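*Asks:* This one is start-v6.pdb, PDB, N, CA and C atoms.
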```
ATOM      1  N   MET K 162     -95.798 108.689 -19.445
ATOM      2  CA  MET K 162     -95.337 109.990 -19.854
ATOM      3  C   MET K 162     -96.549 110.905 -20.000
ATOM      4  N   ALA K 163     -96.454 112.091 -19.459
ATOM      5  CA  ALA K 163     -97.559 113.057 -19.483
ATOM      6  C   ALA K 163     -97.565 113.846 -20.781
ATOM      7  N   ILE K 164     -98.745 114.292 -21.154
ATOM      8  CA  ILE K 164     -98.917 115.169 -22.309
ATOM      9  C   ILE K 164     -99.239 116.548 -21.774
ATOM     10  N   LEU K 165     -98.421 117.519 -22.100
ATOM     11  CA  LEU K 165     -98.634 118.892 -21.667
ATOM     12  C   LEU K 165     -99.296 119.656 -22.808
ATOM     13  N   LEU K 166    -100.535 120.086 -22.607
ATOM     14  CA  LEU K 166    -101.248 120.835 -23.641
ATOM     15  C   LEU K 166    -100.680 122.249 -23.730
ATOM     16  N   PRO K 167    -100.848 122.924 -24.863
ATOM     17  CA  PRO K 167    -100.278 124.272 -25.021
ATOM     18  C   PRO K 167    -100.778 125.255 -23.962
ATOM     19  N   LEU K 168     -99.896 126.137 -23.563
ATOM     20  CA  LEU K 168    -100.227 127.212 -22.636
ATOM     21  C   LEU K 168    -101.286 128.100 -23.280
ATOM     22  N   GLN K 169    -102.356 128.389 -22.537
ATOM     23  CA  GLN K 169    -103.428 129.245 -23.050
ATOM     24  C   GLN K 169    -103.497 130.522 -22.214
ATOM     25  N   PHE K 170    -103.652 131.646 -22.885
ATOM     26  CA  PHE K 170    -103.806 132.931 -22.212
ATOM     27  C   PHE K 170    -105.288 133.241 -22.099
ATOM     28  N   TYR K 171    -105.707 133.808 -20.971
ATOM     29  CA  TYR K 171    -107.101 134.201 -20.817
ATOM     30  C   TYR K 171    -107.181 135.673 -20.442
ATOM     31  N   ASN K 172    -108.247 136.295 -20.891
ATOM     32  CA  ASN K 172    -108.576 137.683 -20.567
ATOM     33  C   ASN K 172    -110.103 137.737 -20.503
ATOM     34  N   LEU K 173    -110.640 137.635 -19.296
ATOM     35  CA  LEU K 173    -112.088 137.533 -19.110
ATOM     36  C   LEU K 173    -112.629 138.773 -18.416
ATOM     37  N   ALA K 174    -113.708 139.312 -18.955
ATOM     38  CA  ALA K 174    -114.382 140.440 -18.309
ATOM     39  C   ALA K 174    -115.073 139.941 -17.044
ATOM     40  N   ALA K 175    -115.332 140.831 -16.121
ATOM     41  CA  ALA K 175    -115.982 140.477 -14.855
ATOM     42  C   ALA K 175    -117.295 139.734 -15.107
ATOM     43  N   GLY K 176    -117.466 138.600 -14.433
ATOM     44  CA  GLY K 176    -118.688 137.819 -14.557
ATOM     45  C   GLY K 176    -118.728 136.879 -15.748
ATOM     46  N   VAL K 177    -117.660 136.819 -16.541
ATOM     47  CA  VAL K 177    -117.627 135.979 -17.739
ATOM     48  C   VAL K 177    -116.847 134.706 -17.449
ATOM     49  N   GLY K 178    -117.332 133.573 -17.959
ATOM     50  CA  GLY K 178    -116.656 132.303 -17.798
ATOM     51  C   GLY K 178    -116.311 131.690 -19.140
ATOM     52  N   LYS K 179    -115.320 130.788 -19.130
ATOM     53  CA  LYS K 179    -114.914 130.122 -20.363
ATOM     54  C   LYS K 179    -114.304 128.776 -20.021
ATOM     55  N   SER K 180    -114.659 127.751 -20.814
ATOM     56  CA  SER K 180    -114.091 126.424 -20.660
ATOM     57  C   SER K 180    -112.753 126.372 -21.388
ATOM     58  N   PHE K 181    -111.728 125.799 -20.750
ATOM     59  CA  PHE K 181    -110.410 125.706 -21.369
ATOM     60  C   PHE K 181    -109.990 124.272 -21.636
ATOM     61  N   TYR K 182    -110.711 123.298 -21.089
ATOM     62  CA  TYR K 182    -110.450 121.890 -21.384
ATOM     63  C   TYR K 182    -111.753 121.128 -21.202
ATOM     64  N   GLU K 183    -112.057 120.253 -22.167
ATOM     65  CA  GLU K 183    -113.258 119.421 -22.089
ATOM     66  C   GLU K 183    -112.929 118.016 -22.562
ATOM     67  N   ASN K 184    -113.376 117.030 -21.803
ATOM     68  CA  ASN K 184    -113.304 115.630 -22.192
ATOM     69  C   ASN K 184    -114.639 115.026 -21.798
ATOM     70  N   LEU K 185    -115.570 115.047 -22.714
ATOM     71  CA  LEU K 185    -116.937 114.624 -22.409
ATOM     72  C   LEU K 185    -117.175 113.156 -22.732
ATOM     73  N   THR K 186    -116.096 112.383 -22.919
ATOM     74  CA  THR K 186    -116.224 110.969 -23.252
ATOM     75  C   THR K 186    -116.018 110.066 -22.042
ATOM     76  N   GLY K 187    -116.096 110.600 -20.854
ATOM     77  CA  GLY K 187    -115.996 109.773 -19.660
ATOM     78  C   GLY K 187    -115.009 110.254 -18.627
ATOM     79  N   GLY K 188    -114.317 111.329 -18.895
ATOM     80  CA  GLY K 188    -113.397 111.899 -17.921
ATOM     81  C   GLY K 188    -112.011 111.299 -17.999
ATOM     82  N   VAL K 189    -111.039 112.036 -17.486
ATOM     83  CA  VAL K 189    -109.638 111.614 -17.503
ATOM     84  C   VAL K 189    -108.942 112.224 -16.286
ATOM     85  N   ASN K 190    -107.923 111.565 -15.794
ATOM     86  CA  ASN K 190    -107.103 112.150 -14.741
ATOM     87  C   ASN K 190    -106.291 113.274 -15.373
ATOM     88  N   ALA K 191    -106.231 114.425 -14.729
ATOM     89  CA  ALA K 191    -105.546 115.571 -15.326
ATOM     90  C   ALA K 191    -105.066 116.522 -14.235
ATOM     91  N   SER K 192    -104.117 117.352 -14.612
ATOM     92  CA  SER K 192    -103.606 118.409 -13.737
ATOM     93  C   SER K 192    -103.773 119.731 -14.450
ATOM     94  N   VAL K 193    -103.953 120.797 -13.676
ATOM     95  CA  VAL K 193    -104.096 122.130 -14.260
ATOM     96  C   VAL K 193    -103.306 123.113 -13.414
ATOM     97  N   THR K 194    -102.712 124.088 -14.090
ATOM     98  CA  THR K 194    -102.035 125.197 -13.418
ATOM     99  C   THR K 194    -102.631 126.488 -13.932
ATOM    100  N   VAL K 195    -103.105 127.325 -13.012
ATOM    101  CA  VAL K 195    -103.678 128.625 -13.370
ATOM    102  C   VAL K 195    -102.804 129.699 -12.738
ATOM    103  N   ASN K 196    -102.323 130.620 -13.556
ATOM    104  CA  ASN K 196    -101.584 131.792 -13.082
ATOM    105  C   ASN K 196    -102.473 133.003 -13.277
ATOM    106  N   ASN K 197    -102.856 133.640 -12.187
ATOM    107  CA  ASN K 197    -103.716 134.820 -12.249
ATOM    108  C   ASN K 197    -102.832 136.059 -12.126
ATOM    109  N   THR K 198    -102.610 136.739 -13.234
ATOM    110  CA  THR K 198    -101.758 137.933 -13.237
ATOM    111  C   THR K 198    -102.564 139.220 -13.226
ATOM    112  N   GLY K 199    -103.873 139.110 -13.181
ATOM    113  CA  GLY K 199    -104.741 140.287 -13.235
ATOM    114  C   GLY K 199    -104.994 140.916 -11.881
ATOM    115  N   PRO K 200    -105.764 142.007 -11.886
ATOM    116  CA  PRO K 200    -106.034 142.752 -10.655
ATOM    117  C   PRO K 200    -107.180 142.196  -9.808
ATOM    118  N   ALA K 201    -107.873 141.165 -10.310
ATOM    119  CA  ALA K 201    -109.027 140.614  -9.588
ATOM    120  C   ALA K 201    -108.916 139.097  -9.513
ATOM    121  N   ALA K 202    -109.666 138.516  -8.600
ATOM    122  CA  ALA K 202    -109.661 137.062  -8.430
ATOM    123  C   ALA K 202    -110.347 136.368  -9.610
ATOM    124  N   VAL K 203    -109.944 135.110  -9.843
ATOM    125  CA  VAL K 203    -110.569 134.276 -10.858
ATOM    126  C   VAL K 203    -110.896 132.939 -10.193
ATOM    127  N   SER K 204    -111.980 132.302 -10.630
ATOM    128  CA  SER K 204    -112.382 131.010 -10.069
ATOM    129  C   SER K 204    -112.102 129.897 -11.065
ATOM    130  N   LEU K 205    -111.432 128.851 -10.590
ATOM    131  CA  LEU K 205    -111.235 127.635 -11.375
ATOM    132  C   LEU K 205    -112.383 126.697 -11.035
ATOM    133  N   VAL K 206    -113.123 126.270 -12.044
ATOM    134  CA  VAL K 206    -114.267 125.385 -11.850
ATOM    135  C   VAL K 206    -113.926 124.037 -12.486
ATOM    136  N   ILE K 207    -114.000 122.979 -11.668
ATOM    137  CA  ILE K 207    -113.664 121.632 -12.135
ATOM    138  C   ILE K 207    -114.916 120.770 -12.067
ATOM    139  N   THR K 208    -115.312 120.210 -13.212
ATOM    140  CA  THR K 208    -116.448 119.298 -13.285
ATOM    141  C   THR K 208    -115.893 117.897 -13.500
ATOM    142  N   ARG K 209    -116.321 116.947 -12.632
ATOM    143  CA  ARG K 209    -115.822 115.581 -12.693
ATOM    144  C   ARG K 209    -116.977 114.596 -12.816
ATOM    145  N   VAL K 210    -116.659 113.381 -13.238
ATOM    146  CA  VAL K 210    -117.662 112.327 -13.385
ATOM    147  C   VAL K 210    -118.197 111.937 -12.015
ATOM    148  N   ASP K 211    -119.517 111.920 -11.864
ATOM    149  CA  ASP K 211    -120.188 111.474 -10.643
ATOM    150  C   ASP K 211    -119.611 112.098  -9.377
ATOM    151  N   ALA K 212    -119.309 113.387  -9.425
ATOM    152  CA  ALA K 212    -118.745 114.079  -8.263
ATOM    153  C   ALA K 212    -119.265 115.510  -8.246
ATOM    154  N   PRO K 213    -119.248 116.133  -7.082
ATOM    155  CA  PRO K 213    -119.667 117.533  -7.016
ATOM    156  C   PRO K 213    -118.719 118.432  -7.807
ATOM    157  N   VAL K 214    -119.235 119.519  -8.296
ATOM    158  CA  VAL K 214    -118.410 120.515  -8.982
ATOM    159  C   VAL K 214    -117.530 121.204  -7.939
ATOM    160  N   LEU K 215    -116.246 121.339  -8.242
ATOM    161  CA  LEU K 215    -115.297 122.000  -7.347
ATOM    162  C   LEU K 215    -114.986 123.389  -7.868
ATOM    163  N   THR K 216    -114.903 124.358  -6.970
ATOM    164  CA  THR K 216    -114.554 125.720  -7.350
ATOM    165  C   THR K 216    -113.466 126.227  -6.417
ATOM    166  N   TYR K 217    -112.384 126.704  -7.004
ATOM    167  CA  TYR K 217    -111.268 127.276  -6.251
ATOM    168  C   TYR K 217    -111.092 128.728  -6.669
ATOM    169  N   VAL K 218    -111.060 129.633  -5.719
ATOM    170  CA  VAL K 218    -110.849 131.048  -6.005
ATOM    171  C   VAL K 218    -109.355 131.334  -5.916
ATOM    172  N   ILE K 219    -108.813 131.907  -6.993
ATOM    173  CA  ILE K 219    -107.390 132.241  -7.056
ATOM    174  C   ILE K 219    -107.278 133.760  -6.980
ATOM    175  N   PRO K 220    -106.742 134.291  -5.884
ATOM    176  CA  PRO K 220    -106.635 135.744  -5.728
ATOM    177  C   PRO K 220    -105.711 136.366  -6.783
ATOM    178  N   ALA K 221    -105.791 137.686  -6.916
ATOM    179  CA  ALA K 221    -104.940 138.417  -7.856
ATOM    180  C   ALA K 221    -103.469 138.130  -7.570
ATOM    181  N   ASN K 222    -102.700 138.015  -8.637
ATOM    182  CA  ASN K 222    -101.254 137.793  -8.564
ATOM    183  C   ASN K 222    -100.870 136.540  -7.780
ATOM    184  N   ASN K 223    -101.643 135.469  -7.968
ATOM    185  CA  ASN K 223    -101.360 134.179  -7.351
ATOM    186  C   ASN K 223    -101.556 133.086  -8.386
ATOM    187  N   SER K 224    -101.172 131.866  -8.019
ATOM    188  CA  SER K 224    -101.358 130.736  -8.916
ATOM    189  C   SER K 224    -101.837 129.519  -8.136
ATOM    190  N   LEU K 225    -102.338 128.528  -8.862
ATOM    191  CA  LEU K 225    -102.809 127.284  -8.258
ATOM    192  C   LEU K 225    -102.513 126.147  -9.222
ATOM    193  N   SER K 226    -101.958 125.067  -8.706
ATOM    194  CA  SER K 226    -101.776 123.826  -9.462
ATOM    195  C   SER K 226    -102.518 122.735  -8.715
ATOM    196  N   ILE K 227    -103.285 121.933  -9.451
ATOM    197  CA  ILE K 227    -104.081 120.888  -8.806
ATOM    198  C   ILE K 227    -104.268 119.724  -9.777
ATOM    199  N   SER K 228    -104.346 118.528  -9.219
ATOM    200  CA  SER K 228    -104.632 117.323  -9.994
ATOM    201  C   SER K 228    -105.985 116.785  -9.560
ATOM    202  N   ALA K 229    -106.702 116.189 -10.500
ATOM    203  CA  ALA K 229    -108.028 115.649 -10.193
ATOM    204  C   ALA K 229    -108.283 114.427 -11.074
ATOM    205  N   GLY K 230    -109.088 113.528 -10.581
ATOM    206  CA  GLY K 230    -109.452 112.338 -11.337
ATOM    207  C   GLY K 230    -110.789 112.495 -12.022
ATOM    208  N   ALA K 231    -110.962 111.788 -13.125
ATOM    209  CA  ALA K 231    -112.220 111.758 -13.877
ATOM    210  C   ALA K 231    -112.712 113.151 -14.262
ATOM    211  N   VAL K 232    -111.802 113.987 -14.742
ATOM    212  CA  VAL K 232    -112.139 115.363 -15.108
ATOM    213  C   VAL K 232    -112.907 115.401 -16.425
ATOM    214  N   LEU K 233    -114.013 116.126 -16.415
ATOM    215  CA  LEU K 233    -114.765 116.409 -17.630
ATOM    216  C   LEU K 233    -114.431 117.791 -18.176
ATOM    217  N   VAL K 234    -114.382 118.806 -17.281
ATOM    218  CA  VAL K 234    -114.197 120.198 -17.725
ATOM    219  C   VAL K 234    -113.337 120.959 -16.716
ATOM    220  N   PHE K 235    -112.391 121.740 -17.258
ATOM    221  CA  PHE K 235    -111.704 122.787 -16.506
ATOM    222  C   PHE K 235    -112.183 124.108 -17.090
ATOM    223  N   ALA K 236    -112.737 124.982 -16.269
ATOM    224  CA  ALA K 236    -113.225 126.273 -16.746
ATOM    225  C   ALA K 236    -112.789 127.371 -15.781
ATOM    226  N   LEU K 237    -112.753 128.588 -16.291
ATOM    227  CA  LEU K 237    -112.438 129.751 -15.466
ATOM    228  C   LEU K 237    -113.617 130.703 -15.468
ATOM    229  N   LEU K 238    -113.833 131.359 -14.332
ATOM    230  CA  LEU K 238    -114.899 132.339 -14.188
ATOM    231  C   LEU K 238    -114.317 133.576 -13.527
ATOM    232  N   ALA K 239    -114.386 134.709 -14.230
ATOM    233  CA  ALA K 239    -113.905 135.966 -13.655
ATOM    234  C   ALA K 239    -114.902 136.434 -12.610
ATOM    235  N   ASN K 240    -114.433 136.719 -11.425
ATOM    236  CA  ASN K 240    -115.311 137.174 -10.351
ATOM    237  C   ASN K 240    -115.803 138.588 -10.626
ATOM    238  N   GLN K 241    -116.817 139.023  -9.901
ATOM    239  CA  GLN K 241    -117.432 140.329 -10.136
ATOM    240  C   GLN K 241    -116.508 141.502  -9.802
ATOM    241  N   GLY K 242    -115.379 141.238  -9.138
ATOM    242  CA  GLY K 242    -114.469 142.302  -8.723
ATOM    243  C   GLY K 242    -113.710 142.971  -9.849
ATOM    244  N   GLY K 243    -113.721 142.400 -11.044
ATOM    245  CA  GLY K 243    -113.011 143.005 -12.169
ATOM    246  C   GLY K 243    -112.556 141.965 -13.171
ATOM    247  N   ASP K 244    -111.844 142.453 -14.200
ATOM    248  CA  ASP K 244    -111.362 141.587 -15.259
ATOM    249  C   ASP K 244    -110.273 140.647 -14.739
ATOM    250  N   ALA K 245    -110.190 139.463 -15.337
ATOM    251  CA  ALA K 245    -109.186 138.477 -14.952
ATOM    252  C   ALA K 245    -108.295 138.178 -16.145
ATOM    253  N   THR K 246    -106.993 138.163 -15.930
ATOM    254  CA  THR K 246    -106.041 137.838 -16.987
ATOM    255  C   THR K 246    -104.989 136.893 -16.432
ATOM    256  N   GLY K 247    -104.402 136.105 -17.315
ATOM    257  CA  GLY K 247    -103.344 135.197 -16.902
ATOM    258  C   GLY K 247    -103.204 134.051 -17.874
ATOM    259  N   THR K 248    -102.710 132.908 -17.355
ATOM    260  CA  THR K 248    -102.497 131.729 -18.188
ATOM    261  C   THR K 248    -103.080 130.504 -17.500
ATOM    262  N   ILE K 249    -103.398 129.487 -18.324
ATOM    263  CA  ILE K 249    -103.866 128.200 -17.825
ATOM    264  C   ILE K 249    -103.193 127.123 -18.678
ATOM    265  N   GLU K 250    -102.753 126.062 -17.997
ATOM    266  CA  GLU K 250    -102.098 124.970 -18.700
ATOM    267  C   GLU K 250    -102.579 123.648 -18.121
ATOM    268  N   VAL K 251    -102.880 122.690 -18.996
ATOM    269  CA  VAL K 251    -103.425 121.398 -18.599
ATOM    270  C   VAL K 251    -102.431 120.300 -18.968
ATOM    271  N   ALA K 252    -102.236 119.345 -18.057
ATOM    272  CA  ALA K 252    -101.390 118.177 -18.316
ATOM    273  C   ALA K 252    -102.230 116.916 -18.146
ATOM    274  N   LEU K 253    -102.060 115.988 -19.094
ATOM    275  CA  LEU K 253    -102.792 114.721 -19.078
ATOM    276  C   LEU K 253    -101.796 113.583 -18.935
ATOM    277  N   PRO K 254    -102.199 112.476 -18.291
ATOM    278  CA  PRO K 254    -101.260 111.335 -18.146
ATOM    279  C   PRO K 254    -101.020 110.640 -19.470
TER
END
```
Take the structure in the file and give it back as C-alpha cells.

*Replies:*
Amino acid sequence: MAILLPLQFYNLAAGVGKSFYENLTGGVNASVTVNNTGPAAVSLVITRVDAPVLTYVIPANNSLSISAGAVLVFALLANQGGDATGTIEVALP
C-alpha cells in the first residue's frame, strides 16, 4: 500500500529552487506529480543514490508524473523565464 504525502503548493520566483522531499538515509522508491499552473516553465530535479541527477523541464500549464528508484531528493527550480506556481505531490511505497 502506498503512502501519499500531503499536496504541497509552490510559488517560486525566477531562478529560485526549493526541495520538497528529502530522504537522506539511503534513498527510497517514490513517485512525484508536478502540476505547473504558472506562466513559466519549472524544472523538477531528482537526486538518486549512485546515479546522475535528473532534470525534467515542465512547460507552463502542464504536468508531469514520474517514478524513480533510490530517490534522495525531489526539488523544483523556477526557470529564468518567470515565476513558477503550482502543486507537487509525492507518493511512497

*Asks:* To one decimal place in Å, what is the distance between atom N of K:Pro220 and atom C of K:Leu233?

*Replies:* 22.0 Å

*Asks:* Would you list the contacts of K:Ala231 as a ChimeraX atom specification, taking every protein, DNA or RNA residue within 7 Å and counting all atoms listed in the file, but skipping same-chain residues closer than 3 positions in sequence?

*Replies:* /K:187-191,208-210,234

*Asks:* K:Ala236, K:Ile164, K:Ala201, K:Val193: which is nearest K:Val214, counting only C-alpha atoms?

*Replies:*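 Ranked by minimum distance to K:Val214, first place goes to K:Ala236.
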
*Asks:* Taking the file above as input, evaluate the PyMOL selection byres ((chain K and resi 179) around 5) and report the hits as a PDB file with N, CA and C atoms, keeping the file's coordinate frame.

*Replies:*
```pdb
ATOM      1  N   VAL K 177    -117.660 136.819 -16.541  1.00  0.00           N
ATOM      2  CA  VAL K 177    -117.627 135.979 -17.739  1.00  0.00           C
ATOM      3  C   VAL K 177    -116.847 134.706 -17.449  1.00  0.00           C
ATOM      4  N   GLY K 178    -117.332 133.573 -17.959  1.00  0.00           N
ATOM      5  CA  GLY K 178    -116.656 132.303 -17.798  1.00  0.00           C
ATOM      6  C   GLY K 178    -116.311 131.690 -19.140  1.00  0.00           C
ATOM      7  N   SER K 180    -114.659 127.751 -20.814  1.00  0.00           N
ATOM      8  CA  SER K 180    -114.091 126.424 -20.660  1.00  0.00           C
ATOM      9  C   SER K 180    -112.753 126.372 -21.388  1.00  0.00           C
ATOM     10  N   PHE K 181    -111.728 125.799 -20.750  1.00  0.00           N
ATOM     11  CA  PHE K 181    -110.410 125.706 -21.369  1.00  0.00           C
ATOM     12  C   PHE K 181    -109.990 124.272 -21.636  1.00  0.00           C
ATOM     13  N   ALA K 236    -112.737 124.982 -16.269  1.00  0.00           N
ATOM     14  CA  ALA K 236    -113.225 126.273 -16.746  1.00  0.00           C
ATOM     15  C   ALA K 236    -112.789 127.371 -15.781  1.00  0.00           C
ATOM     16  N   LEU K 237    -112.753 128.588 -16.291  1.00  0.00           N
ATOM     17  CA  LEU K 237    -112.438 129.751 -15.466  1.00  0.00           C
ATOM     18  C   LEU K 237    -113.617 130.703 -15.468  1.00  0.00           C
TER      19      LEU K 237
END
```

*Asks:* Go through the shown structure with the PyMOL selection byres ((chain K and resi 169-174) around 5) and write out the matching residues as a PyMOL selection string.

*Replies:* chain K and resi 167-168+175-177+244-249

*Asks:* Could you take the residues named above and write them with N, CA and C atoms, as a PDB file, in the frame of the given file?

*Replies:*
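Listed below is the output, part29.pdb:
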```pdb
ATOM      1  N   PRO K 167    -100.848 122.924 -24.863  1.00  0.00           N
ATOM      2  CA  PRO K 167    -100.278 124.272 -25.021  1.00  0.00           C
ATOM      3  C   PRO K 167    -100.778 125.255 -23.962  1.00  0.00           C
ATOM      4  N   LEU K 168     -99.896 126.137 -23.563  1.00  0.00           N
ATOM      5  CA  LEU K 168    -100.227 127.212 -22.636  1.00  0.00           C
ATOM      6  C   LEU K 168    -101.286 128.100 -23.280  1.00  0.00           C
ATOM      7  N   ALA K 175    -115.332 140.831 -16.121  1.00  0.00           N
ATOM      8  CA  ALA K 175    -115.982 140.477 -14.855  1.00  0.00           C
ATOM      9  C   ALA K 175    -117.295 139.734 -15.107  1.00  0.00           C
ATOM     10  N   GLY K 176    -117.466 138.600 -14.433  1.00  0.00           N
ATOM     11  CA  GLY K 176    -118.688 137.819 -14.557  1.00  0.00           C
ATOM     12  C   GLY K 176    -118.728 136.879 -15.748  1.00  0.00           C
ATOM     13  N   VAL K 177    -117.660 136.819 -16.541  1.00  0.00           N
ATOM     14  CA  VAL K 177    -117.627 135.979 -17.739  1.00  0.00           C
ATOM     15  C   VAL K 177    -116.847 134.706 -17.449  1.00  0.00           C
ATOM     16  N   ASP K 244    -111.844 142.453 -14.200  1.00  0.00           N
ATOM     17  CA  ASP K 244    -111.362 141.587 -15.259  1.00  0.00           C
ATOM     18  C   ASP K 244    -110.273 140.647 -14.739  1.00  0.00           C
ATOM     19  N   ALA K 245    -110.190 139.463 -15.337  1.00  0.00           N
ATOM     20  CA  ALA K 245    -109.186 138.477 -14.952  1.00  0.00           C
ATOM     21  C   ALA K 245    -108.295 138.178 -16.145  1.00  0.00           C
ATOM     22  N   THR K 246    -106.993 138.163 -15.930  1.00  0.00           N
ATOM     23  CA  THR K 246    -106.041 137.838 -16.987  1.00  0.00           C
ATOM     24  C   THR K 246    -104.989 136.893 -16.432  1.00  0.00           C
ATOM     25  N   GLY K 247    -104.402 136.105 -17.315  1.00  0.00           N
ATOM     26  CA  GLY K 247    -103.344 135.197 -16.902  1.00  0.00           C
ATOM     27  C   GLY K 247    -103.204 134.051 -17.874  1.00  0.00           C
ATOM     28  N   THR K 248    -102.710 132.908 -17.355  1.00  0.00           N
ATOM     29  CA  THR K 248    -102.497 131.729 -18.188  1.00  0.00           C
ATOM     30  C   THR K 248    -103.080 130.504 -17.500  1.00  0.00           C
ATOM     31  N   ILE K 249    -103.398 129.487 -18.324  1.00  0.00           N
ATOM     32  CA  ILE K 249    -103.866 128.200 -17.825  1.00  0.00           C
ATOM     33  C   ILE K 249    -103.193 127.123 -18.678  1.00  0.00           C
TER      34      ILE K 249
END
```

*Asks:* What does the distance from atom CA of K:Asn223 to atom CA of K:Asn196 come to in Å, to one decimal?

*Replies:*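 Distance reported for this atom pair: 6.2 Å.
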
*Asks:* Nearest to K:Ala212 among K:Leu238, K:Met162, K:Glu183, K:Ala229, with distances taken over only C-alpha atoms: which residue is it?

*Replies:*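 Checking each candidate against K:Ala212, we get K:Ala229 as the closest.
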